[in-house]
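Shown below: data05.txt, with compact mmCIF, C-alpha atoms and all ligand atoms.
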# COMPACT_ATOMS: atom_id res chain seq x y z
CA MET A 1 -3.17 31.76 -9.11
CA LYS A 2 -2.41 31.34 -12.72
CA TYR A 3 0.78 31.44 -14.67
CA LEU A 4 1.51 31.29 -18.34
CA TYR A 5 4.75 29.70 -19.38
CA ASP A 6 6.96 32.03 -21.29
CA TYR A 7 7.50 30.16 -24.48
CA ARG A 8 7.28 31.05 -28.11
CA GLN A 9 7.14 29.01 -31.24
CA PHE A 10 9.72 29.99 -33.85
CA ARG A 11 10.01 29.35 -37.55
CA ASN A 12 13.53 29.22 -38.79
CA THR A 13 12.77 31.25 -41.89
CA ALA A 14 15.28 34.01 -41.43
CA HIS A 15 17.96 32.17 -43.38
CA LEU A 16 16.71 30.64 -46.56
CA PHE A 17 18.55 27.97 -48.46
CA PHE A 18 20.13 28.95 -51.76
CA ILE A 19 20.68 26.57 -54.59
CA PHE A 20 23.92 26.35 -56.56
CA LEU A 21 24.16 28.63 -59.46
CA LEU A 22 26.38 26.85 -62.00
CA LEU A 23 27.78 28.94 -64.77
CA CYS A 24 28.47 27.09 -68.00
CA PRO A 25 32.14 26.82 -69.05
CA VAL A 26 33.33 29.65 -71.31
CA PRO A 27 36.60 29.71 -73.37
CA ALA A 28 39.55 29.04 -71.02
CA ASN A 29 41.72 31.99 -72.00
CA SER A 30 39.04 34.64 -71.66
CA GLN A 31 40.22 37.76 -69.75
CA SER A 32 36.89 38.10 -68.01
CA ARG A 33 37.02 34.77 -66.18
CA PRO A 34 36.23 35.24 -62.48
CA VAL A 35 38.77 34.57 -59.76
CA CYS A 36 38.15 32.01 -56.96
CA SER A 37 37.61 33.77 -53.62
CA TYR A 38 39.31 30.85 -51.89
CA CYS A 39 42.56 30.38 -53.85
CA GLY A 40 42.76 33.63 -55.84
CA LYS A 41 43.25 31.82 -59.15
CA SER A 42 41.05 32.15 -62.20
CA ILE A 43 38.37 29.53 -62.68
CA PRO A 44 38.68 27.69 -65.99
CA GLY A 45 35.74 25.28 -65.89
CA THR A 46 32.61 25.20 -63.76
CA ILE A 47 32.22 28.29 -61.65
CA ILE A 48 30.29 28.39 -58.41
CA SER A 49 28.64 31.70 -57.79
CA ALA A 50 27.51 32.27 -54.23
CA GLY A 51 26.57 35.64 -52.81
CA LYS A 52 29.04 38.11 -54.31
CA SER A 53 31.81 35.52 -54.66
CA PHE A 54 32.98 32.86 -57.14
CA PHE A 55 34.67 29.52 -56.40
CA HIS A 56 36.24 26.49 -57.94
CA PRO A 57 33.75 23.70 -57.15
CA GLU A 58 36.42 22.02 -54.96
CA HIS A 59 37.01 25.31 -53.11
CA PHE A 60 33.44 26.01 -52.15
CA LEU A 61 33.89 24.91 -48.52
CA CYS A 62 31.69 24.94 -45.45
CA ALA A 63 32.83 27.52 -42.86
CA TYR A 64 31.85 25.13 -40.07
CA CYS A 65 33.17 21.68 -41.10
CA GLY A 66 35.58 22.68 -43.91
CA LYS A 67 34.16 20.12 -46.34
CA ILE A 68 32.97 20.79 -49.89
CA ILE A 69 29.41 22.01 -50.23
CA SER A 70 27.55 20.36 -53.06
CA GLY A 71 23.90 21.11 -52.60
CA GLY A 72 21.87 23.69 -50.73
CA TYR A 73 23.68 25.97 -48.37
CA ASN A 74 23.15 28.81 -45.95
CA GLU A 75 24.99 32.08 -45.95
CA LYS A 76 25.74 34.39 -43.07
CA ASP A 77 28.25 37.25 -42.89
CA ASP A 78 29.79 36.23 -46.24
CA LYS A 79 30.36 32.71 -44.95
CA PHE A 80 28.79 29.58 -46.42
CA TYR A 81 27.57 26.50 -44.58
CA HIS A 82 26.01 23.11 -45.13
CA PRO A 83 22.42 23.58 -43.87
CA ASP A 84 23.03 21.23 -40.92
CA CYS A 85 26.39 22.80 -40.13
CA TYR A 86 24.72 26.19 -40.20
CA LYS A 87 22.22 25.08 -37.57
CA GLN A 88 25.03 23.65 -35.44
CA ASN A 89 27.06 26.82 -35.81
CA GLU A 90 24.11 29.00 -34.84
CA GLY A 91 23.34 26.88 -31.82
CA LEU A 92 20.11 25.63 -33.34
CA THR A 93 20.16 22.39 -31.39
CA CYS A 94 17.58 21.14 -28.95
CA ALA A 95 18.50 21.89 -25.33
CA TYR A 96 16.84 18.61 -24.33
CA CYS A 97 18.05 15.98 -26.87
CA GLY A 98 21.00 17.84 -28.41
CA LYS A 99 19.88 17.08 -31.94
CA LEU A 100 19.45 19.68 -34.67
CA LEU A 101 16.26 21.68 -34.69
CA GLU A 102 13.87 21.62 -37.58
CA ASP A 103 12.33 24.72 -39.07
CA GLU A 104 9.91 25.01 -36.20
CA TYR A 105 11.14 25.07 -32.65
CA ILE A 106 10.23 26.37 -29.22
CA VAL A 107 12.14 28.95 -27.21
CA SER A 108 11.54 28.89 -23.47
CA THR A 109 13.59 30.70 -20.82
CA GLY A 110 16.28 31.32 -23.41
CA LYS A 111 16.59 27.67 -24.47
CA LYS A 112 15.50 26.11 -27.74
CA TYR A 113 13.67 22.81 -28.07
CA HIS A 114 12.00 20.53 -30.58
CA PRO A 115 8.26 21.04 -30.00
CA GLU A 116 7.88 17.33 -29.03
CA CYS A 117 10.88 17.39 -26.67
CA TYR A 118 9.50 20.50 -25.04
CA GLU A 119 6.04 19.14 -24.59
CA LYS A 120 7.05 15.68 -23.38
CA ASN A 121 10.06 16.50 -21.25
CA VAL A 122 10.27 20.14 -20.35
CA LEU A 123 6.73 21.33 -19.73
CA PRO A 124 5.60 20.54 -16.18
CA LYS A 125 2.96 17.86 -15.83
CA CYS A 126 -0.43 18.31 -14.27
CA SER A 127 -0.45 16.92 -10.71
CA VAL A 128 -3.97 15.64 -11.29
CA CYS A 129 -3.99 14.06 -14.77
CA SER A 130 -0.22 13.91 -15.55
CA LEU A 131 -0.64 15.54 -18.96
CA PRO A 132 1.64 18.47 -19.89
CA LEU A 133 0.55 21.94 -18.80
CA LYS A 134 0.69 23.85 -22.05
CA ASP A 135 -1.20 27.00 -21.25
CA LYS A 136 -2.47 28.54 -18.08
CA PHE A 137 -2.40 26.44 -14.95
CA SER A 138 -3.31 26.77 -11.29
CA VAL A 139 -0.98 26.21 -8.36
CA ASP A 140 -2.14 25.21 -4.89
CA ILE A 141 -0.39 26.38 -1.72
CA TYR A 142 1.70 23.21 -1.71
CA GLY A 143 3.09 24.00 -5.17
CA ASN A 144 1.04 21.38 -7.06
CA LYS A 145 0.34 22.61 -10.59
CA TYR A 146 -2.77 21.57 -12.42
CA HIS A 147 -5.12 22.36 -15.31
CA PRO A 148 -7.55 25.05 -14.09
CA ALA A 149 -10.51 22.96 -15.26
CA HIS A 150 -9.86 20.36 -12.52
CA SER A 151 -10.94 22.84 -9.83
CA ALA A 152 -14.48 22.66 -11.15
CA GLU A 153 -14.44 18.87 -11.64
CA LEU A 154 -13.02 17.81 -8.27
CA SER A 155 -13.85 18.46 -4.62
CA LYS A 156 -11.38 20.11 -2.31
CA CYS A 157 -10.37 18.50 0.97
CA ASP A 158 -12.16 20.34 3.75
CA CYS A 159 -9.06 19.98 5.89
CA CYS A 160 -5.96 20.56 3.72
CA LYS A 161 -7.67 22.17 0.67
CA ARG A 162 -5.94 19.85 -1.83
CA LEU A 163 -7.97 18.73 -4.84
CA ILE A 164 -9.17 15.24 -4.02
CA CYS A 165 -7.94 12.78 -6.64
CA GLN A 166 -5.88 9.62 -6.90
CA ASN A 167 -2.61 11.31 -7.86
CA LEU A 168 -2.61 14.06 -5.28
CA THR A 169 -4.35 12.57 -2.27
CA ARG A 170 -4.88 8.84 -3.03
CA GLY A 171 -8.59 9.60 -3.22
CA GLY A 172 -10.85 10.69 -0.42
CA LYS A 173 -14.09 10.28 1.47
CA ARG A 174 -17.33 12.12 1.94
CA TYR A 175 -18.71 12.50 5.45
CA SER A 176 -22.43 12.36 6.15
CA ASP A 177 -22.43 16.07 7.05
CA GLY A 178 -21.36 16.89 3.47
CA ARG A 179 -17.66 17.43 4.06
CA ASN A 180 -15.12 15.97 1.66
CA ILE A 181 -11.85 14.82 3.12
CA CYS A 182 -8.79 13.54 1.31
CA MET A 183 -7.21 10.21 2.14
CA LEU A 184 -4.01 11.87 3.39
CA CYS A 185 -6.01 13.73 6.04
CA PHE A 186 -8.49 10.94 6.69
CA LEU A 187 -5.79 8.39 7.57
CA GLU A 188 -4.51 10.73 10.30
CA SER A 189 -7.85 12.10 11.41
CA VAL A 190 -9.31 12.16 14.91
CA SER A 191 -12.96 11.47 15.66
CA GLU A 192 -13.24 9.84 19.07
CA GLN A 193 -13.99 11.99 22.10
CA TYR A 194 -11.32 10.27 24.22
CA GLN A 195 -8.72 11.28 21.60
CA ILE A 196 -9.98 14.84 21.70
CA ASN A 197 -9.71 14.84 25.51
CA GLU A 198 -6.07 13.75 25.31
CA MET A 199 -5.34 16.33 22.67
CA PHE A 200 -7.05 19.02 24.74
CA LYS A 201 -4.70 18.38 27.69
CA LYS A 202 -1.67 18.38 25.42
CA VAL A 203 -2.58 21.69 23.75
CA ILE A 204 -3.41 23.40 27.07
CA SER A 205 -0.10 22.41 28.58
CA LYS A 206 1.73 23.68 25.49
CA LEU A 207 -0.08 27.04 25.67
CA ASN A 208 0.70 27.24 29.39
CA SER A 209 4.35 26.69 28.54
CA PHE A 210 4.08 29.66 26.15
CA GLY A 211 2.92 31.79 29.10
CA ILE A 212 -0.78 31.82 28.18
CA ASN A 213 -2.56 31.18 31.46
CA ILE A 214 -5.51 28.95 30.83
CA ASN A 215 -7.02 26.80 33.50
CA GLY A 216 -8.39 23.70 31.83
CA LYS A 217 -10.96 23.17 34.59
CA ASN A 218 -13.57 25.61 33.28
CA ILE A 219 -13.15 24.63 29.64
CA LYS A 220 -14.24 21.53 27.80
CA ALA A 221 -13.82 20.52 24.16
CA ILE A 222 -16.45 18.50 22.34
CA GLY A 223 -16.04 16.95 18.91
CA VAL A 224 -18.99 17.62 16.61
CA ASP A 225 -19.83 17.26 12.93
CA ARG A 226 -20.40 20.26 10.71
CA ILE A 227 -24.17 20.30 11.10
CA GLU A 228 -23.85 20.48 14.88
CA LEU A 229 -21.07 23.06 14.69
CA LYS A 230 -23.23 25.27 12.52
CA LYS A 231 -26.02 25.13 15.13
CA ARG A 232 -23.62 26.00 17.95
CA SER A 233 -21.53 28.74 16.45
CA SER A 234 -22.63 32.33 16.22
CA SER A 235 -20.80 33.10 12.97
CA PHE A 236 -20.47 30.01 10.85
CA SER A 237 -18.79 29.78 7.48
CA ASP A 238 -17.62 26.78 5.47
CA ASN A 239 -14.14 27.40 6.85
CA THR A 240 -15.24 27.28 10.49
CA GLN A 241 -13.37 24.48 12.24
CA GLY A 242 -14.32 25.27 15.81
CA PHE A 243 -16.22 27.60 18.06
CA CYS A 244 -15.65 28.70 21.63
CA ASP A 245 -18.92 29.26 23.47
CA SER A 246 -18.18 31.32 26.61
CA GLU A 247 -20.50 32.01 29.53
CA THR A 248 -19.73 34.74 32.00
CA LYS A 249 -21.27 34.97 35.45
CA SER A 250 -20.78 38.24 37.29
CA ASN A 251 -21.05 38.16 41.05
CA PHE A 252 -22.10 41.33 42.75
CA LEU A 253 -22.04 42.26 46.41
CA ASN A 254 -24.12 45.33 47.20
CA ASP A 255 -24.21 46.27 43.50
CA LYS A 256 -20.45 46.07 43.34
CA LEU A 257 -18.86 43.57 40.97
CA VAL A 258 -16.73 41.29 43.08
CA SER A 259 -15.86 38.49 40.72
CA LYS A 260 -16.50 36.99 37.34
CA LEU A 261 -16.77 33.31 36.62
CA TYR A 262 -16.26 31.87 33.21
CA ASN A 263 -17.24 28.64 31.55
CA HIS A 264 -16.19 27.75 28.04
CA THR A 265 -17.31 24.98 25.73
CA ILE A 266 -15.24 24.49 22.63
CA TYR A 267 -17.02 22.77 19.78
CA ILE A 268 -14.52 21.34 17.37
CA LEU A 269 -15.01 19.64 14.01
CA ASN A 270 -14.23 15.97 14.32
CA GLY A 271 -12.81 13.77 11.59
CA THR A 272 -10.11 16.27 10.63
CA HIS A 273 -6.36 15.72 10.50
CA TYR A 274 -5.01 15.67 14.06
CA LEU A 275 -2.64 18.59 13.42
CA SER A 276 -5.46 20.69 12.04
CA MET A 277 -7.52 19.84 15.10
CA GLU A 278 -4.68 20.72 17.47
CA ALA A 279 -4.21 24.04 15.69
CA THR A 280 -7.95 24.73 15.96
CA LEU A 281 -7.93 23.86 19.66
CA ALA A 282 -5.06 26.30 20.21
CA HIS A 283 -7.08 28.96 18.34
CA GLU A 284 -10.25 28.37 20.38
CA LEU A 285 -8.37 28.21 23.69
CA MET A 286 -6.94 31.62 22.85
CA HIS A 287 -10.52 32.88 22.42
CA ALA A 288 -11.25 31.59 25.92
CA TRP A 289 -8.18 33.42 27.22
CA MET A 290 -9.27 36.63 25.51
CA THR A 291 -12.79 36.38 26.93
CA GLU A 292 -11.28 36.27 30.42
CA ASN A 293 -8.58 38.86 29.88
CA CYS A 294 -9.51 41.32 27.17
CA SER A 295 -12.14 43.85 26.26
CA GLU A 296 -15.20 42.54 24.44
CA LYS A 297 -14.77 45.43 22.03
CA LEU A 298 -11.51 44.06 20.64
CA PRO A 299 -11.95 44.13 16.83
CA ASP A 300 -12.53 40.75 15.17
CA LYS A 301 -9.47 41.13 13.03
CA ILE A 302 -7.24 41.44 16.09
CA LYS A 303 -9.06 38.61 17.87
CA GLU A 304 -8.98 36.13 14.98
CA GLY A 305 -5.53 37.25 13.87
CA SER A 306 -4.16 36.65 17.39
CA CYS A 307 -5.91 33.28 17.72
CA ASN A 308 -4.46 32.22 14.36
CA TYR A 309 -1.06 33.46 15.47
CA ILE A 310 -1.26 31.18 18.53
CA SER A 311 -2.20 28.25 16.22
CA TYR A 312 0.80 29.16 14.12
CA LEU A 313 3.14 29.28 17.13
CA TYR A 314 1.69 26.01 18.35
CA LEU A 315 2.32 24.25 15.03
CA ASN A 316 5.77 25.78 14.77
CA SER A 317 6.74 24.35 18.15
CA LEU A 318 6.10 20.78 16.94
CA SER A 319 8.80 18.58 15.46
CA ASN A 320 6.57 17.01 12.85
CA SER A 321 7.33 17.81 9.22
CA LYS A 322 3.64 17.60 8.28
CA LYS A 323 3.08 20.73 10.38
CA ASN A 324 4.25 22.82 7.40
CA ASP A 325 1.10 21.95 5.46
CA PHE A 326 -1.08 23.43 8.17
CA ILE A 327 1.21 26.41 8.69
CA LYS A 328 0.86 27.14 4.96
CA LEU A 329 -2.91 27.06 5.32
CA ILE A 330 -2.77 29.75 7.99
CA GLU A 331 -0.23 31.82 6.08
CA ASN A 332 -2.17 31.63 2.82
CA ASP A 333 -5.65 32.19 4.22
CA PRO A 334 -7.20 34.84 1.92
CA ASP A 335 -9.86 35.78 4.45
CA PRO A 336 -9.88 39.54 5.23
CA VAL A 337 -10.37 38.91 8.97
CA TYR A 338 -8.58 35.60 9.69
CA GLY A 339 -5.88 35.72 7.03
CA LYS A 340 -5.18 39.43 7.04
CA GLY A 341 -5.54 39.61 10.82
CA PHE A 342 -2.93 36.87 11.18
CA LYS A 343 -0.49 38.65 8.89
CA GLU A 344 -0.84 41.89 10.81
CA ILE A 345 -0.31 40.28 14.21
CA LYS A 346 2.62 38.24 12.91
CA PHE A 347 4.17 41.31 11.34
CA GLY A 348 3.78 43.27 14.58
CA PHE A 349 4.86 40.60 17.04
CA GLU A 350 7.06 37.96 15.48
CA ASN A 351 10.19 39.74 16.67
CA LYS A 352 8.72 40.37 20.11
CA SER A 353 7.96 38.06 22.98
CA LEU A 354 4.55 36.49 23.31
CA THR A 355 4.25 38.26 26.68
CA GLN A 356 4.27 41.54 24.76
CA LEU A 357 1.42 40.38 22.52
CA LEU A 358 -0.61 39.28 25.54
CA ALA A 359 0.01 42.62 27.26
CA TYR A 360 -1.02 44.46 24.08
CA LEU A 361 -4.27 42.47 23.87
CA LYS A 362 -5.07 43.07 27.54
CA ALA A 363 -4.49 46.80 27.22
CA LYS A 364 -6.36 47.28 23.95
CA ASN A 365 -9.95 48.45 24.01
ZN ZN B 401 39.98 28.02 -55.89
ZN ZN B 402 29.75 21.66 -43.09
ZN ZN B 403 14.90 17.52 -28.98
ZN ZN B 404 -4.71 17.91 -15.72
ZN ZN B 405 -6.67 16.71 3.00
ZN ZN B 406 -11.74 32.38 16.01
Spit out the file's structure as structure tokens when you get a sec.
Ligand SMILES: [Zn+2]
Ligand SMILES: [Zn+2]
Ligand SMILES: [Zn+2]
Ligand SMILES: [Zn+2]
Ligand SMILES: [Zn+2]
Ligand SMILES: [Zn+2]
Amino acid sequence: MKYLYDYRQFRNTAHLFFIFLLLCPVPANSQSRPVCSYCGKSIPGTIISAGKSFFHPEHFLCAYCGKIISGGYNEKDDKFYHPDCYKQNEGLTCAYCGKLLEDEYIVSTGKKYHPECYEKNVLPKCSVCSLPLKDKFSVDIYGNKYHPAHSAELSKCDCCKRLICQNLTRGGKRYSDGRNICMLCFLESVSEQYQINEMFKKVISKLNSFGININGKNIKAIGVDRIELKKRSSSFSDNTQGFCDSETKSNFLNDKLVSKLYNHTIYILNGTHYLSMEATLAHELMHAWMTENCSEKLPDKIKEGSCNYISYLYLNSLSNSKKNDFIKLIENDPDPVYGKGFKEIKFGFENKSLTQLLAYLKAKN
């Protein structure tokens, strides 16, 4: 996403300065002596000629401050001004420092600024390098603005997608499987299997409370690195955070299907932020539910969109302000299956009960 600030550089050339035109004294009793536009009397000595009018030197007054003008002046609508008074009168003052503007100034969102005031104080600063953002800039989903060139220079956090740098994420780490993770995510990451087991129970009981019937006994979750996850999952991309491997055993009696038994193994990326991991677990558990309850022919977009919607509902149910980061990631996912699928399911079901979504998924072929 790129924006260009709406600002323009102006030159204050529309109103040029005029210099006094002094007419030399002519005989005092001449009939043709001009009359002062201020006092209406004839002008015996030095005559000031300005625009179409004449003045006694002591009656050539500034329309803004009322004091005598003796030097350059500006004219507008038959009125005369000291150059500085003219600027004041026309509102040519800096919206930041309040001082008069010079010939060159900046206009941005209807306000005028000295170029230096604008650059130093008004332009937003880059979240990465702190320098002003003069031209185009990029914005991440958290609203951080930065010079577009930083995207090529820096790695993105595999977990929260922020650019990894000191200012934004207090630095980061690189895992041996090639992933980069920012310090914000790393400090709240989960890697140990016992932590994953605890989390697994917590997420299952939350989904059960939503009305999604999952029996934790035939499902296990195993933390793996990205290399292992790639081996396990059937459709791996760099965004894959987990995979639900389901086995189905059909039991027949005299060629008649009598029961189906399911076993699921969820492989989940370890070393990610715990909220991201919980959201992924919710997503993969929903896959397990769909394997047991829905047609295999359900389109991927509906499957992934629904699983993401469950992650979204899961995160929303938490009372942790950090959840919003991970909700934003789901909401802003540009993927045509995961991101678009999520939007469609959310659009269709956010004003309905979850029971209605589950019924829809069960009925759909
Ligand atoms: Zn006069
Ligand atoms: Zn004045
Ligand atoms: Zn200024
Ligand atoms: Zn920068
Ligand atoms: Zn991160
Ligand atoms: Zn999925």
What residues have any atom no more than 9 Å from ligand ZN 404 (chain B) when counting only C-alpha atoms and all ligand atoms, and can you list them as a ChimeraX atom specification?
/A:125-133,137,145-150
Return as CSV the residues of chain A lying at most 12 Å from ligand ZN 406 (chain B), together with the closest atom-to-atom pair for each and the distance in Å to one decimal, counting all atoms listed in the file, with rows in chain order and ascending residue number.
residue,atom,partner,partner_atom,distance
A:Ser233,CA,B:ZN406,ZN,10.5
A:Ser234,CA,B:ZN406,ZN,10.9
A:Ser235,CA,B:ZN406,ZN,9.6
A:Phe236,CA,B:ZN406,ZN,10.4
A:Ser237,CA,B:ZN406,ZN,11.4
A:Asn239,CA,B:ZN406,ZN,10.7
A:Thr240,CA,B:ZN406,ZN,8.3
A:Gln241,CA,B:ZN406,ZN,8.9
A:Gly242,CA,B:ZN406,ZN,7.6
A:Phe243,CA,B:ZN406,ZN,6.9
A:Cys244,CA,B:ZN406,ZN,7.8
A:Asp245,CA,B:ZN406,ZN,10.8
A:Ile266,CA,B:ZN406,ZN,10.9
A:Tyr267,CA,B:ZN406,ZN,11.6
A:Ile268,CA,B:ZN406,ZN,11.5
A:Ala279,CA,B:ZN406,ZN,11.2
A:Thr280,CA,B:ZN406,ZN,8.5
A:Leu281,CA,B:ZN406,ZN,10.0
A:Ala282,CA,B:ZN406,ZN,10.0
A:His283,CA,B:ZN406,ZN,6.2
A:Glu284,CA,B:ZN406,ZN,6.1
A:Leu285,CA,B:ZN406,ZN,9.4
A:Met286,CA,B:ZN406,ZN,8.4
A:His287,CA,B:ZN406,ZN,6.5
A:Ala288,CA,B:ZN406,ZN,10.0
A:Trp289,CA,B:ZN406,ZN,11.8
A:Met290,CA,B:ZN406,ZN,10.7
A:Thr291,CA,B:ZN406,ZN,11.7
A:Pro299,CA,B:ZN406,ZN,11.8
A:Asp300,CA,B:ZN406,ZN,8.4
A:Lys301,CA,B:ZN406,ZN,9.5
A:Ile302,CA,B:ZN406,ZN,10.1
A:Lys303,CA,B:ZN406,ZN,7.0
A:Glu304,CA,B:ZN406,ZN,4.8
A:Gly305,CA,B:ZN406,ZN,8.2
A:Ser306,CA,B:ZN406,ZN,8.8
A:Cys307,CA,B:ZN406,ZN,6.1
A:Asn308,CA,B:ZN406,ZN,7.5
A:Tyr309,CA,B:ZN406,ZN,10.7
A:Ile310,CA,B:ZN406,ZN,10.8
A:Ser311,CA,B:ZN406,ZN,10.4
A:Val337,CA,B:ZN406,ZN,9.7
A:Tyr338,CA,B:ZN406,ZN,7.8
A:Gly339,CA,B:ZN406,ZN,11.2
A:Gly341,CA,B:ZN406,ZN,10.8
A:Phe342,CA,B:ZN406,ZN,11.0
Please identify the residues whose atoms come within 12 Å of ligand ZN 405 (chain B), using all atoms listed in the file, and report them as a count of residues only.
40
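Among all protein and nucleic acid residues, the ones that lie within 8 Å of ligand ZN 401 (chain B) when counting all atoms listed in the file are Val35, Cys36, Ser37, Tyr38, Cys39, Gly40, Lys41, Ser42, Ile43, Phe55, His56, Pro57, Glu58, His59 and Phe60 of chain A.
Using all atoms listed in the file, we find that the residues with an atom at most 7 Å from any atom of ligand ZN 402 (chain B) are Cys62, Ala63, Tyr64, Cys65, Gly66, Lys67, Tyr81, His82 and Cys85 of chain A.
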Among A:Pro44, A:Cys294, A:Cys94, A:Leu207, Ser317 in chain A is approached most closely, using all atoms listed in the file, by A:Leu207
Could you please extract the residues within 8 Å of ligand ZN 403 (chain B), counting all atoms listed in the file, and hand them back as a list in words?
Thr93, Cys94, Ala95, Tyr96, Cys97, Gly98, Lys99, Leu100, Leu101, Tyr113, His114, Pro115, Glu116, Cys117 and Tyr118 of chain A
Within 6 Å of (-15.8, 19.3, 17.8) (file coordinates; all atoms listed in the file), which protein or nucleic acid residues are there? I'd like them as a list in words.
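Using all atoms listed in the file, the matching residues come out as Ile222, Gly223, Val224, Tyr267, Ile268, Leu269 and Asn270 of chain A.
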So which residues are close to (-21.4, 35.0, 30.4), meaning at most 10 Å away in the file's coordinates with all atoms listed in the file counted, and can you show them as a ChimeraX atom specification?
/A:245-250,260-264,291
Can you tell me how far CA of Ile106 in chain A sits from CA of Lys87 in chain A, in Å to one decimal?
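Rounded to one decimal, the two atoms are 14.7 Å apart.
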Selection: 12 Å around Ser209 in chain A, all atoms listed in the file, excl. self and same-chain fewer than 2 positions, as a PyMOL selection string
chain A and resi 202-207+211-214+313-314+317+354-355
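Among the candidates A:Ser70, A:Gln88, A:Ser319, A:Ser295, the one nearest to Lys362 in chain A when counting all atoms listed in the file is A:Ser295.
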For a test of reading the model, state the distance in Å between CA of Pro34 in chain A and CA of Phe80 in chain A, rounded to one decimal.
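Between CA of Pro34 in chain A and CA of Phe80 in chain A the gap is 18.6 Å.
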Kindly give the distance, in Å, that separates CA of Ile327 in chain A and CA of Lys136 in chain A, rounded to a single decimal.
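A separation of 27.1 Å between them.
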Residue neighbourhood Ile227 in chain A, 9 Å, only C-alpha atoms, exclusion window fewer than 4 positions, as number ranges by chain:
A: 177-178, 231-232
Let's have the selection written as a CSV table (one decimal), in the frame of the given file, with C-alpha atoms.
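What follows is the written file out.csv:
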chain,number,residue,atom,x,y,z
A,177,ASP,CA,-22.4,16.1,7.0
A,178,GLY,CA,-21.4,16.9,3.5
A,231,LYS,CA,-26.0,25.1,15.1
A,232,ARG,CA,-23.6,26.0,18.0
